[in-house]
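Structure file query-v7.txt (compact mmCIF, C-alpha atoms) is printed below.
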# COMPACT_ATOMS: atom_id res chain seq x y z
CA MET A 19 8.74 19.39 0.25
CA THR A 20 7.83 18.22 3.76
CA ILE A 21 6.01 14.88 4.05
CA ARG A 22 3.23 15.01 6.64
CA VAL A 23 2.79 11.81 8.65
CA LEU A 24 0.06 10.64 11.04
CA LEU A 25 0.92 7.88 13.54
CA ALA A 26 -1.85 5.43 14.50
CA ASP A 27 -1.02 2.84 17.17
CA ASP A 28 -2.65 1.99 20.48
CA GLN A 29 0.70 1.87 22.31
CA HIS A 30 2.03 5.24 23.38
CA LEU A 31 5.62 3.99 23.52
CA VAL A 32 5.41 2.75 19.93
CA ARG A 33 4.10 6.10 18.73
CA ALA A 34 6.78 7.93 20.71
CA GLY A 35 9.45 5.70 19.21
CA PHE A 36 8.33 6.33 15.64
CA ARG A 37 8.00 10.06 16.32
CA GLY A 38 11.54 10.10 17.67
CA LEU A 39 12.82 8.34 14.56
CA LEU A 40 11.06 10.72 12.20
CA GLU A 41 11.16 14.16 13.76
CA HIS A 42 14.80 14.82 12.86
CA SER A 43 14.53 13.65 9.25
CA GLY A 44 14.35 17.15 7.83
CA ASP A 45 11.76 16.33 5.18
CA ILE A 46 9.25 14.46 7.40
CA GLU A 47 6.87 16.03 9.93
CA VAL A 48 4.65 14.11 12.36
CA VAL A 49 1.38 16.04 12.34
CA GLY A 50 -0.63 13.93 14.76
CA GLU A 51 -1.12 10.70 16.70
CA ALA A 52 -4.08 8.36 17.16
CA ALA A 53 -4.58 5.49 19.60
CA ASP A 54 -7.43 3.78 17.69
CA GLY A 55 -8.91 3.55 14.23
CA ALA A 56 -11.78 5.97 14.75
CA THR A 57 -9.39 8.62 15.99
CA ALA A 58 -7.10 7.97 13.02
CA VAL A 59 -10.01 8.67 10.66
CA ARG A 60 -10.84 11.90 12.48
CA MET A 61 -7.20 12.98 12.67
CA THR A 62 -6.72 12.34 8.96
CA ARG A 63 -9.51 14.78 8.23
CA ALA A 64 -8.14 17.31 10.72
CA THR A 65 -4.43 17.18 9.84
CA SER A 66 -4.37 16.26 6.12
CA PRO A 67 -1.34 13.94 6.25
CA ASP A 68 0.40 12.58 3.18
CA VAL A 69 1.06 9.22 4.85
CA VAL A 70 -0.61 7.37 7.73
CA LEU A 71 1.42 4.74 9.59
CA MET A 72 -1.37 2.42 10.71
CA ASP A 73 -1.26 -0.40 13.25
CA VAL A 74 -3.84 -3.08 12.47
CA ARG A 75 -4.52 -4.32 15.99
CA MET A 76 -6.22 -1.47 17.82
CA PRO A 77 -9.26 -1.32 20.14
CA GLY A 78 -12.64 -0.34 18.73
CA MET A 79 -12.21 0.31 15.03
CA ASP A 80 -9.19 -1.68 13.88
CA GLY A 81 -6.60 -0.56 11.36
CA ILE A 82 -8.24 -2.34 8.43
CA ASP A 83 -11.58 -0.57 8.83
CA ALA A 84 -9.78 2.71 9.46
CA THR A 85 -7.70 2.22 6.30
CA ARG A 86 -10.81 1.51 4.24
CA ARG A 87 -12.51 4.69 5.49
CA ILE A 88 -9.46 6.89 5.09
CA VAL A 89 -8.82 5.74 1.51
CA ALA A 90 -12.50 6.22 0.63
CA LEU A 91 -12.67 9.71 2.14
CA HIS A 92 -9.15 10.89 1.25
CA PRO A 93 -7.92 9.15 -1.93
CA ASP A 94 -4.65 11.08 -1.95
CA VAL A 95 -3.62 9.86 1.50
CA ARG A 96 -1.31 6.83 1.54
CA VAL A 97 -1.67 4.26 4.32
CA VAL A 98 1.20 2.02 5.39
CA VAL A 99 0.24 -0.84 7.69
CA LEU A 100 2.47 -1.57 10.68
CA THR A 101 2.62 -5.22 11.66
CA THR A 102 4.53 -7.26 14.22
CA PHE A 103 4.97 -10.08 11.72
CA GLU A 104 5.92 -9.49 8.10
CA LEU A 105 2.95 -11.47 6.80
CA ASP A 106 0.23 -11.89 9.40
CA GLU A 107 -3.45 -12.58 8.92
CA TYR A 108 -4.32 -8.90 8.62
CA VAL A 109 -2.03 -7.85 5.78
CA ALA A 110 -4.11 -9.05 2.82
CA GLY A 111 -7.22 -7.44 4.29
CA ALA A 112 -5.37 -4.18 4.75
CA LEU A 113 -4.15 -4.20 1.15
CA ARG A 114 -7.65 -4.94 -0.12
CA ALA A 115 -8.86 -2.05 2.04
CA GLY A 116 -6.54 0.27 0.12
CA ALA A 117 -3.23 0.28 2.01
CA SER A 118 -0.19 1.10 -0.08
CA GLY A 119 1.96 -1.49 1.65
CA PHE A 120 3.21 -2.58 5.02
CA LEU A 121 6.20 -2.49 7.35
CA GLY A 122 7.31 -4.64 10.26
CA LYS A 123 7.53 -2.78 13.54
CA ASP A 124 11.17 -3.84 13.77
CA VAL A 125 12.01 -1.80 10.65
CA GLU A 126 15.38 -0.05 10.70
CA PRO A 127 15.20 3.76 11.12
CA ASP A 128 16.63 4.54 7.68
CA ALA A 129 14.33 1.99 6.06
CA LEU A 130 11.33 3.57 7.80
CA ARG A 131 12.20 7.02 6.53
CA ASP A 132 12.89 5.72 3.02
CA ALA A 133 9.59 3.79 3.03
CA ILE A 134 7.64 6.93 3.90
CA ARG A 135 9.33 8.80 1.06
CA VAL A 136 8.59 5.97 -1.40
CA VAL A 137 4.91 5.83 -0.49
CA ALA A 138 4.52 9.61 -0.45
CA ALA A 139 5.89 9.65 -4.01
CA GLY A 140 3.05 7.35 -5.09
CA GLU A 141 4.88 4.03 -5.18
CA ALA A 142 3.66 0.85 -3.47
CA LEU A 143 5.67 -0.51 -0.57
CA LEU A 144 5.73 -4.10 -1.80
CA SER A 145 9.00 -5.75 -2.70
CA PRO A 146 8.93 -8.52 -5.32
CA ARG A 147 9.74 -11.10 -2.60
CA VAL A 148 6.90 -9.89 -0.39
CA THR A 149 4.52 -9.80 -3.37
CA ARG A 150 5.22 -13.47 -4.08
CA GLN A 151 4.70 -14.41 -0.43
CA LEU A 152 1.50 -12.41 -0.30
CA ILE A 153 0.21 -14.20 -3.39
CA ARG A 154 0.98 -17.62 -1.97
CA GLN A 155 -0.35 -17.05 1.52
CA PHE A 156 -3.28 -14.71 1.12
CA VAL A 157 -4.50 -13.75 -2.32
CA ALA A 158 -5.48 -17.32 -3.17
CA ARG A 159 -8.00 -17.14 -0.32
CA VAL A 160 -9.69 -13.99 -1.59
CA PRO A 161 -13.20 -14.73 -2.90
CA SER A 162 -13.73 -14.10 -6.59
CA SER A 163 -14.93 -10.60 -7.30
CA PRO A 164 -18.03 -9.75 -9.31
CA PRO A 165 -17.80 -10.13 -13.12
CA GLU A 166 -17.57 -6.37 -13.53
CA ASP A 167 -14.07 -6.48 -12.04
CA GLY A 168 -12.95 -8.58 -14.99
CA ALA A 169 -14.79 -6.29 -17.39
CA ARG A 170 -12.84 -3.32 -16.03
CA LEU A 171 -9.69 -4.73 -17.58
CA SER A 172 -11.07 -4.25 -21.09
CA VAL A 173 -9.88 -0.61 -20.99
CA LEU A 174 -6.24 -1.74 -20.90
CA THR A 175 -4.02 -2.11 -23.93
CA GLU A 176 -2.36 -5.46 -24.57
CA ARG A 177 0.96 -4.09 -23.31
CA GLU A 178 -0.62 -2.70 -20.14
CA ARG A 179 -2.15 -6.10 -19.43
CA GLU A 180 1.22 -7.79 -19.99
CA VAL A 181 2.91 -5.44 -17.54
CA MET A 182 0.08 -5.87 -15.02
CA VAL A 183 0.40 -9.67 -15.16
CA LEU A 184 4.15 -9.58 -14.56
CA ALA A 185 3.80 -7.08 -11.72
CA ALA A 186 1.20 -9.34 -10.12
CA GLU A 187 3.60 -12.26 -10.42
CA GLY A 188 6.06 -10.34 -8.27
CA LEU A 189 8.52 -9.04 -10.86
CA SER A 190 10.22 -5.71 -10.27
CA ASN A 191 10.15 -2.97 -12.89
CA ASP A 192 13.68 -3.92 -13.93
CA ASP A 193 12.69 -7.58 -14.28
CA ILE A 194 9.59 -6.67 -16.31
CA GLY A 195 11.68 -4.46 -18.54
CA ARG A 196 14.14 -7.26 -19.25
CA ARG A 197 11.31 -9.70 -19.94
CA LEU A 198 9.53 -7.35 -22.38
CA TYR A 199 12.61 -5.51 -23.73
CA LEU A 200 11.46 -2.22 -22.22
CA SER A 201 13.22 0.36 -20.08
CA PRO A 202 12.18 0.56 -16.40
CA ALA A 203 10.84 4.06 -17.09
CA THR A 204 8.58 2.69 -19.84
CA VAL A 205 7.39 -0.05 -17.48
CA ARG A 206 6.50 2.61 -14.87
CA THR A 207 4.60 4.51 -17.54
CA HIS A 208 2.54 1.46 -18.52
CA LEU A 209 1.82 0.66 -14.87
CA GLY A 210 0.83 4.26 -14.20
CA ARG A 211 -1.54 4.32 -17.17
CA ALA A 212 -3.09 1.00 -16.13
CA MET A 213 -3.67 2.24 -12.59
CA ALA A 214 -5.15 5.50 -13.84
CA LYS A 215 -7.56 3.70 -16.18
CA LEU A 216 -8.61 1.29 -13.42
CA GLY A 217 -8.94 3.97 -10.74
CA LEU A 218 -6.27 2.40 -8.52
CA HIS A 219 -3.91 4.19 -6.18
CA ASP A 220 -0.79 2.08 -6.55
CA ARG A 221 0.89 -1.19 -7.39
CA ALA A 222 -0.46 -2.98 -4.31
CA GLN A 223 -4.05 -2.48 -5.45
CA LEU A 224 -3.06 -3.46 -9.00
CA VAL A 225 -1.74 -6.79 -7.74
CA VAL A 226 -4.89 -7.50 -5.72
CA LEU A 227 -7.17 -6.67 -8.67
CA ALA A 228 -5.12 -8.85 -11.04
CA TYR A 229 -5.87 -11.88 -8.87
CA ARG A 230 -9.43 -10.99 -7.91
CA SER A 231 -10.37 -10.49 -11.56
CA GLY A 232 -8.85 -13.79 -12.64
CA LEU A 233 -6.27 -12.13 -14.92
CA VAL A 234 -3.62 -13.99 -12.93
CA ARG A 235 -4.14 -17.13 -10.87
CA PRO A 236 -1.99 -18.40 -7.99

Could the structure of this file be written out as structure tokens, please?
Amino acid sequence: MTIRVLLADDQHLVRAGFRGLLEHSGDIEVVGEAADGATAVRMTRATSPDVVLMDVRMPGMDGIDATRRIVALHPDVRVVVLTTFELDEYVAGALRAGASGFLGKDVEPDALRDAIRVVAAGEALLSPRVTRQLIRQFVARVPSSPPEDGARLSVLTEREREVMVLAAEGLSNDDIGRRLYLSPATVRTHLGRAMAKLGLHDRAQLVVLAYRSGLVRP
């Protein structure tokens, strides 16, 4: 199966560099490019990508607004934010807007290709280390969400809530499995069911909701 990718960055050389890294992957096809957020939204509709690589700092509509619109209009499209710094001021906003994760622009070629495959498969591109940093630096600043966000969690089983809490604390599936005496596959199943019940796309959104709802506190 070929993974369709849209590149969104205001610098032509950056887009050309990513295209060059991806076009010989065999299973990845670059289906379009956009130099600003508004164009990225239009190109998503026109090209139906599986993954959008989205720069956050673009003229006009920035990458955060573009991510929010793309996720709202095309729930099956995964957005990966490209950032110069691993954790800059835009990352938390992008995740809250619905991004599936983020990459530094200095990412190694093989890591870029692997990241696209991971996200296209429905996983979140958030390592446990990055999750912990994100929690410390950003999520604590997020305003509390309306009470209905907390009420949404009532649909979860006790085990699903346990797994959600540990995921939000930055544990990997293997770590959660060891903590709860479950296999990693069973952990993935519980996470998948929790996300389905809550209408979330991936682990990144699950982490954000866990903190916004008060289920977990920094």

Using all atoms listed in the file, determine which residues lie at most 9 Å from region 27-38 of chain A, disregarding the query and same-chain residues fewer than 6 positions distant; provide the list as a list in words. Glu47, Val48, Glu51, Ala52, Ala53, Asp54, Gly55, Ala58, Leu71, Met72, Asp73, Val74, Arg75, Met76, Pro77, Gly81, Leu100, Lys123, Pro127 and Leu130 of chain A

Measuring atom to atom with only C-alpha atoms, identify which of A:Glu126, A:Glu180, A:Glu141, A:Asp192 is nearest to Gln223 (chain A).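 Between A:Glu126, A:Glu180, A:Glu141, A:Asp192, the residue approaching Gln223 (chain A) most closely is A:Glu141.
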
I want to know what sits within 10 Å of Arg131 (chain A), based on all atoms listed in the file, with residues of the same chain fewer than 2 positions away left out; could you give that as a list in words? Phe36, Leu39, Leu40, Ser43, Asp45, Ile46, Val125, Glu126, Pro127, Asp128, Ala129, Ala133, Ile134, Arg135 and Val136 of chain A

So, counting only C-alpha atoms, which residue among A:Gly44, A:Gly122, A:Gly188, A:Gly78 is closest to Val225 (chain A)? A:Gly188

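Counting from CA of Arg22 (chain A), the distance to CA of Pro67 (chain A) is 4.7 Å.
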
Could you tell me which of A:Ala203, A:Leu24, A:Met19, A:Ala185 comes closest to Tyr229 (chain A) if we count all atoms listed in the file?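 Checking each of A:Ala203, A:Leu24, A:Met19, A:Ala185 against Tyr229 (chain A), counting all atoms listed in the file, the winner is A:Ala185.
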
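With CA of Leu184 (chain A) on one side and CA of Leu227 (chain A) on the other, the separation reads 13.1 Å.
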
If you measure from CA of Ile88 (chain A) to CA of Leu171 (chain A), what distance in Å do you get, rounded to one decimal?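 Interatomic distance here is 25.5 Å.
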
Residues proximal to (8.9, -3.5, -12.5) were defined as those with any atom within 9 Å of that point in the file's coordinates, counting all atoms listed in the file. Which are they, as a count of residues only? 16
